Amino acid sequence: MPHPFLSDEWFDEAKAIREKYAGQGTPMGHQIKMNQIITDVPFGEGELKLYVDTSTGGIVMAKGQLDDADVTVTTDYETARKIFVDQDPQAGMQAFMSGKIKVQGDMMKLMQMQGAAPDEAARKVADEIKDITT
């Protein structure tokens with residue numbers, strides 16, 4: 001059953017999908033600890049704080065913030081959805097160029113992460129996450 005992007009239900013299902021494919025893909029070549037602030041969220045308080053941590057070789061994505069983040073990325077809900085669910089690299093580039101994405105911290109680590117090509121397991125995870133997202 002599809003759920004709104006970044007809702008509690010979406011997080012639970014996305015986590016289960018990532019766990020289903022754990023260990024099947026190529027370990028992340030670049031390590032990053034990234035805080036994300038998503039604005040204009042259509043539920044809750046209107047802002048959501050998340051983090052992504054690849055320092056263990058896999059991808060941990062959860063609500064909250066890391067004290068030792070390498071970079072913090074702030075963007076609006078629709079842009080985040082286009083980047084993470086639709087896997088649209090053009091949307092990310094356009095949003096960055098137009099100021100919809102703000103970056104604080106180590107920009108090089110962020111760029112390295114974005115340059116990594118997804119393997120088969122990562123593509124399956126992305127496809128299944130797209131399927132559960134409204």
# chains A, B, ... in the order shown; residues from 1 in each chain; ligands from 1
call {"tool": "residues_around", "arguments": {"residues": "region 57-67 of chain A", "least_positions_apart": "4", "cutoff": "7 Å", "atoms": "only C-alpha atoms", "output": "VMD selection string"}}
result
chain A and resid 27 to 28 35 49 to 53
call {"tool": "write_last_selection", "arguments": {"atoms": "N, CA and C atoms", "output": "PDB file, in the first residue's frame"}}
result
ATOM      1  N   PRO A  27      29.163  -2.460  -1.234  1.00  0.00           N
ATOM      2  CA  PRO A  27      29.243  -1.494  -0.132  1.00  0.00           C
ATOM      3  C   PRO A  27      29.501  -0.084  -0.676  1.00  0.00           C
ATOM      4  N   MET A  28      28.965   0.897   0.022  1.00  0.00           N
ATOM      5  CA  MET A  28      29.160   2.287  -0.393  1.00  0.00           C
ATOM      6  C   MET A  28      30.647   2.597  -0.467  1.00  0.00           C
ATOM      7  N   ASN A  35      23.167  15.327   7.429  1.00  0.00           N
ATOM      8  CA  ASN A  35      21.884  15.760   7.973  1.00  0.00           C
ATOM      9  C   ASN A  35      21.081  16.362   6.838  1.00  0.00           C
ATOM     10  N   LYS A  49      13.516  16.647   9.993  1.00  0.00           N
ATOM     11  CA  LYS A  49      14.969  16.511  10.089  1.00  0.00           C
ATOM     12  C   LYS A  49      15.319  15.029  10.006  1.00  0.00           C
ATOM     13  N   LEU A  50      16.201  14.714   9.089  1.00  0.00           N
ATOM     14  CA  LEU A  50      16.614  13.348   8.820  1.00  0.00           C
ATOM     15  C   LEU A  50      18.126  13.281   8.763  1.00  0.00           C
ATOM     16  N   TYR A  51      18.647  12.060   8.743  1.00  0.00           N
ATOM     17  CA  TYR A  51      20.064  11.896   8.464  1.00  0.00           C
ATOM     18  C   TYR A  51      20.294  10.649   7.626  1.00  0.00           C
ATOM     19  N   VAL A  52      21.405  10.680   6.896  1.00  0.00           N
ATOM     20  CA  VAL A  52      21.888   9.545   6.137  1.00  0.00           C
ATOM     21  C   VAL A  52      23.319   9.311   6.596  1.00  0.00           C
ATOM     22  N   ASP A  53      23.613   8.043   6.918  1.00  0.00           N
ATOM     23  CA  ASP A  53      24.952   7.684   7.388  1.00  0.00           C
ATOM     24  C   ASP A  53      25.413   6.455   6.612  1.00  0.00           C
TER      25      ASP A  53
END
call {"tool": "atom_distance", "arguments": {"atom1": "CA of Val103 (chain A)", "atom2": "CA of Val85 (chain A)"}}
result
20.0 Å
call {"tool": "residues_around", "arguments": {"residues": "region 8-14 of chain A", "least_positions_apart": "2", "cutoff": "10 Å", "atoms": "only C-alpha atoms", "output": "list in words"}}
result
Met1, Pro2, His3, Pro4, Phe5, Leu6, Ala16, Ile17, Arg18, Glu19, Lys20, Met61, Ala62, Lys63, Val125, Ala126, Glu128, Ile129, Lys130, Ile132, Thr133 and Thr134 of chain A
call {"tool": "write_last_selection", "arguments": {"atoms": "N, CA, C and O atoms", "output": "PDB file, in the first residue's frame"}}
result
ATOM      1  N   MET A   1       0.847  -1.185   0.000  1.00  0.00           N
ATOM      2  CA  MET A   1       0.000   0.000   0.000  1.00  0.00           C
ATOM      3  C   MET A   1       0.887   1.241   0.000  1.00  0.00           C
ATOM      4  O   MET A   1       1.753   1.377   0.851  1.00  0.00           O
ATOM      5  N   PRO A   2       0.691   2.152  -0.932  1.00  0.00           N
ATOM      6  CA  PRO A   2       1.518   3.370  -0.985  1.00  0.00           C
ATOM      7  C   PRO A   2       1.247   4.308   0.190  1.00  0.00           C
ATOM      8  O   PRO A   2       0.144   4.366   0.720  1.00  0.00           O
ATOM      9  N   HIS A   3       2.291   5.020   0.573  1.00  0.00           N
ATOM     10  CA  HIS A   3       2.221   5.975   1.679  1.00  0.00           C
ATOM     11  C   HIS A   3       2.845   7.294   1.235  1.00  0.00           C
ATOM     12  O   HIS A   3       3.718   7.320   0.367  1.00  0.00           O
ATOM     13  N   PRO A   4       2.449   8.401   1.859  1.00  0.00           N
ATOM     14  CA  PRO A   4       3.077   9.685   1.540  1.00  0.00           C
ATOM     15  C   PRO A   4       4.588   9.643   1.839  1.00  0.00           C
ATOM     16  O   PRO A   4       5.014   9.107   2.864  1.00  0.00           O
ATOM     17  N   PHE A   5       5.357  10.175   0.923  1.00  0.00           N
ATOM     18  CA  PHE A   5       6.807  10.260   1.062  1.00  0.00           C
ATOM     19  C   PHE A   5       7.167  10.867   2.416  1.00  0.00           C
ATOM     20  O   PHE A   5       6.619  11.888   2.812  1.00  0.00           O
ATOM     21  N   LEU A   6       8.056  10.201   3.134  1.00  0.00           N
ATOM     22  CA  LEU A   6       8.611  10.597   4.430  1.00  0.00           C
ATOM     23  C   LEU A   6       7.640  10.476   5.612  1.00  0.00           C
ATOM     24  O   LEU A   6       7.985  10.884   6.718  1.00  0.00           O
ATOM     25  N   ALA A  16      12.163  -1.606   5.767  1.00  0.00           N
ATOM     26  CA  ALA A  16      11.997  -3.043   5.516  1.00  0.00           C
ATOM     27  C   ALA A  16      12.545  -3.417   4.139  1.00  0.00           C
ATOM     28  O   ALA A  16      13.175  -4.480   3.981  1.00  0.00           O
ATOM     29  N   ILE A  17      12.346  -2.565   3.159  1.00  0.00           N
ATOM     30  CA  ILE A  17      12.878  -2.821   1.814  1.00  0.00           C
ATOM     31  C   ILE A  17      14.402  -2.819   1.845  1.00  0.00           C
ATOM     32  O   ILE A  17      15.050  -3.715   1.297  1.00  0.00           O
ATOM     33  N   ARG A  18      14.994  -1.816   2.507  1.00  0.00           N
ATOM     34  CA  ARG A  18      16.459  -1.761   2.582  1.00  0.00           C
ATOM     35  C   ARG A  18      17.009  -2.981   3.315  1.00  0.00           C
ATOM     36  O   ARG A  18      18.033  -3.550   2.914  1.00  0.00           O
ATOM     37  N   GLU A  19      16.315  -3.413   4.374  1.00  0.00           N
ATOM     38  CA  GLU A  19      16.763  -4.595   5.126  1.00  0.00           C
ATOM     39  C   GLU A  19      16.663  -5.863   4.283  1.00  0.00           C
ATOM     40  O   GLU A  19      17.499  -6.747   4.390  1.00  0.00           O
ATOM     41  N   LYS A  20      15.658  -5.940   3.429  1.00  0.00           N
ATOM     42  CA  LYS A  20      15.472  -7.099   2.557  1.00  0.00           C
ATOM     43  C   LYS A  20      16.672  -7.291   1.627  1.00  0.00           C
ATOM     44  O   LYS A  20      17.053  -8.417   1.327  1.00  0.00           O
ATOM     45  N   MET A  61      19.209   5.500   7.035  1.00  0.00           N
ATOM     46  CA  MET A  61      18.433   6.729   6.876  1.00  0.00           C
ATOM     47  C   MET A  61      17.378   6.722   7.967  1.00  0.00           C
ATOM     48  O   MET A  61      16.625   5.757   8.095  1.00  0.00           O
ATOM     49  N   ALA A  62      17.362   7.766   8.771  1.00  0.00           N
ATOM     50  CA  ALA A  62      16.427   7.816   9.891  1.00  0.00           C
ATOM     51  C   ALA A  62      16.072   9.260  10.225  1.00  0.00           C
ATOM     52  O   ALA A  62      16.748  10.193   9.785  1.00  0.00           O
ATOM     53  N   LYS A  63      15.038   9.407  11.013  1.00  0.00           N
ATOM     54  CA  LYS A  63      14.667  10.732  11.493  1.00  0.00           C
ATOM     55  C   LYS A  63      15.639  11.132  12.590  1.00  0.00           C
ATOM     56  O   LYS A  63      16.151  10.300  13.319  1.00  0.00           O
ATOM     57  N   VAL A 125      16.007  -1.658  -4.718  1.00  0.00           N
ATOM     58  CA  VAL A 125      15.543  -0.902  -3.550  1.00  0.00           C
ATOM     59  C   VAL A 125      14.820   0.358  -4.017  1.00  0.00           C
ATOM     60  O   VAL A 125      13.714   0.662  -3.569  1.00  0.00           O
ATOM     61  N   ALA A 126      15.436   1.102  -4.930  1.00  0.00           N
ATOM     62  CA  ALA A 126      14.842   2.346  -5.415  1.00  0.00           C
ATOM     63  C   ALA A 126      13.494   2.089  -6.092  1.00  0.00           C
ATOM     64  O   ALA A 126      12.528   2.839  -5.868  1.00  0.00           O
ATOM     65  N   GLU A 128      11.397  -0.444  -5.552  1.00  0.00           N
ATOM     66  CA  GLU A 128      10.386  -0.837  -4.567  1.00  0.00           C
ATOM     67  C   GLU A 128       9.967   0.338  -3.696  1.00  0.00           C
ATOM     68  O   GLU A 128       8.796   0.452  -3.331  1.00  0.00           O
ATOM     69  N   ILE A 129      10.899   1.220  -3.395  1.00  0.00           N
ATOM     70  CA  ILE A 129      10.539   2.420  -2.624  1.00  0.00           C
ATOM     71  C   ILE A 129       9.629   3.329  -3.453  1.00  0.00           C
ATOM     72  O   ILE A 129       8.662   3.893  -2.933  1.00  0.00           O
ATOM     73  N   LYS A 130       9.901   3.424  -4.731  1.00  0.00           N
ATOM     74  CA  LYS A 130       9.029   4.217  -5.612  1.00  0.00           C
ATOM     75  C   LYS A 130       7.616   3.643  -5.597  1.00  0.00           C
ATOM     76  O   LYS A 130       6.639   4.390  -5.573  1.00  0.00           O
ATOM     77  N   ILE A 132       6.036   2.159  -3.220  1.00  0.00           N
ATOM     78  CA  ILE A 132       5.295   2.358  -1.956  1.00  0.00           C
ATOM     79  C   ILE A 132       5.009   3.837  -1.674  1.00  0.00           C
ATOM     80  O   ILE A 132       4.486   4.174  -0.629  1.00  0.00           O
ATOM     81  N   THR A 133       5.404   4.697  -2.608  1.00  0.00           N
ATOM     82  CA  THR A 133       5.336   6.154  -2.373  1.00  0.00           C
ATOM     83  C   THR A 133       4.209   6.816  -3.137  1.00  0.00           C
ATOM     84  O   THR A 133       4.048   6.601  -4.334  1.00  0.00           O
ATOM     85  N   THR A 134       3.450   7.647  -2.398  1.00  0.00           N
ATOM     86  CA  THR A 134       2.423   8.463  -3.075  1.00  0.00           C
ATOM     87  C   THR A 134       2.904   9.888  -3.132  1.00  0.00           C
ATOM     88  O   THR A 134       3.785  10.293  -2.412  1.00  0.00           O
TER      89      THR A 134
END
call {"tool": "decode", "arguments": {"residues": "region 23-36 of chain A", "atoms": "N, CA, C and O atoms", "output": "short mmCIF file (atom, residue, chain, number, x, y, z; two decimals), in the first residue's frame"}}
result
data_model
loop_
_atom_site.label_atom_id
_atom_site.label_comp_id
_atom_site.auth_asym_id
_atom_site.auth_seq_id
_atom_site.Cartn_x
_atom_site.Cartn_y
_atom_site.Cartn_z
N GLY A 23 23.26 -6.37 2.39
CA GLY A 23 24.36 -7.27 2.08
C GLY A 23 24.39 -7.77 0.65
O GLY A 23 25.31 -8.48 0.26
N GLN A 24 23.39 -7.43 -0.16
CA GLN A 24 23.34 -7.90 -1.54
C GLN A 24 24.03 -6.97 -2.52
O GLN A 24 24.37 -7.37 -3.62
N GLY A 25 24.22 -5.74 -2.13
CA GLY A 25 24.81 -4.77 -3.04
C GLY A 25 26.27 -4.51 -2.73
O GLY A 25 26.84 -5.05 -1.78
N THR A 26 26.84 -3.68 -3.55
CA THR A 26 28.22 -3.26 -3.35
C THR A 26 28.25 -2.27 -2.18
O THR A 26 27.43 -1.34 -2.14
N PRO A 27 29.16 -2.46 -1.23
CA PRO A 27 29.24 -1.49 -0.13
C PRO A 27 29.50 -0.08 -0.68
O PRO A 27 30.14 0.08 -1.72
N MET A 28 28.96 0.90 0.02
CA MET A 28 29.16 2.29 -0.39
C MET A 28 30.65 2.60 -0.47
O MET A 28 31.38 2.31 0.48
N GLY A 29 31.08 3.14 -1.58
CA GLY A 29 32.48 3.48 -1.75
C GLY A 29 32.87 4.76 -1.04
O GLY A 29 34.03 4.97 -0.73
N HIS A 30 31.90 5.61 -0.80
CA HIS A 30 32.16 6.89 -0.16
C HIS A 30 31.39 6.96 1.14
O HIS A 30 30.22 6.63 1.20
N GLN A 31 32.06 7.37 2.17
CA GLN A 31 31.41 7.50 3.46
C GLN A 31 30.98 8.94 3.68
O GLN A 31 31.73 9.87 3.39
N ILE A 32 29.77 9.06 4.17
CA ILE A 32 29.25 10.39 4.46
C ILE A 32 28.26 10.29 5.62
O ILE A 32 27.55 9.31 5.76
N LYS A 33 28.28 11.32 6.42
CA LYS A 33 27.27 11.51 7.46
C LYS A 33 26.59 12.83 7.12
O LYS A 33 27.21 13.88 7.17
N MET A 34 25.33 12.73 6.70
CA MET A 34 24.63 13.89 6.18
C MET A 34 23.33 14.12 6.92
O MET A 34 22.50 13.22 7.03
N ASN A 35 23.17 15.33 7.43
CA ASN A 35 21.88 15.76 7.97
C ASN A 35 21.08 16.36 6.84
O ASN A 35 21.64 17.02 5.95
N GLN A 36 19.78 16.14 6.88
CA GLN A 36 18.89 16.72 5.88
C GLN A 36 17.76 17.43 6.60
O GLN A 36 17.21 16.89 7.58
#
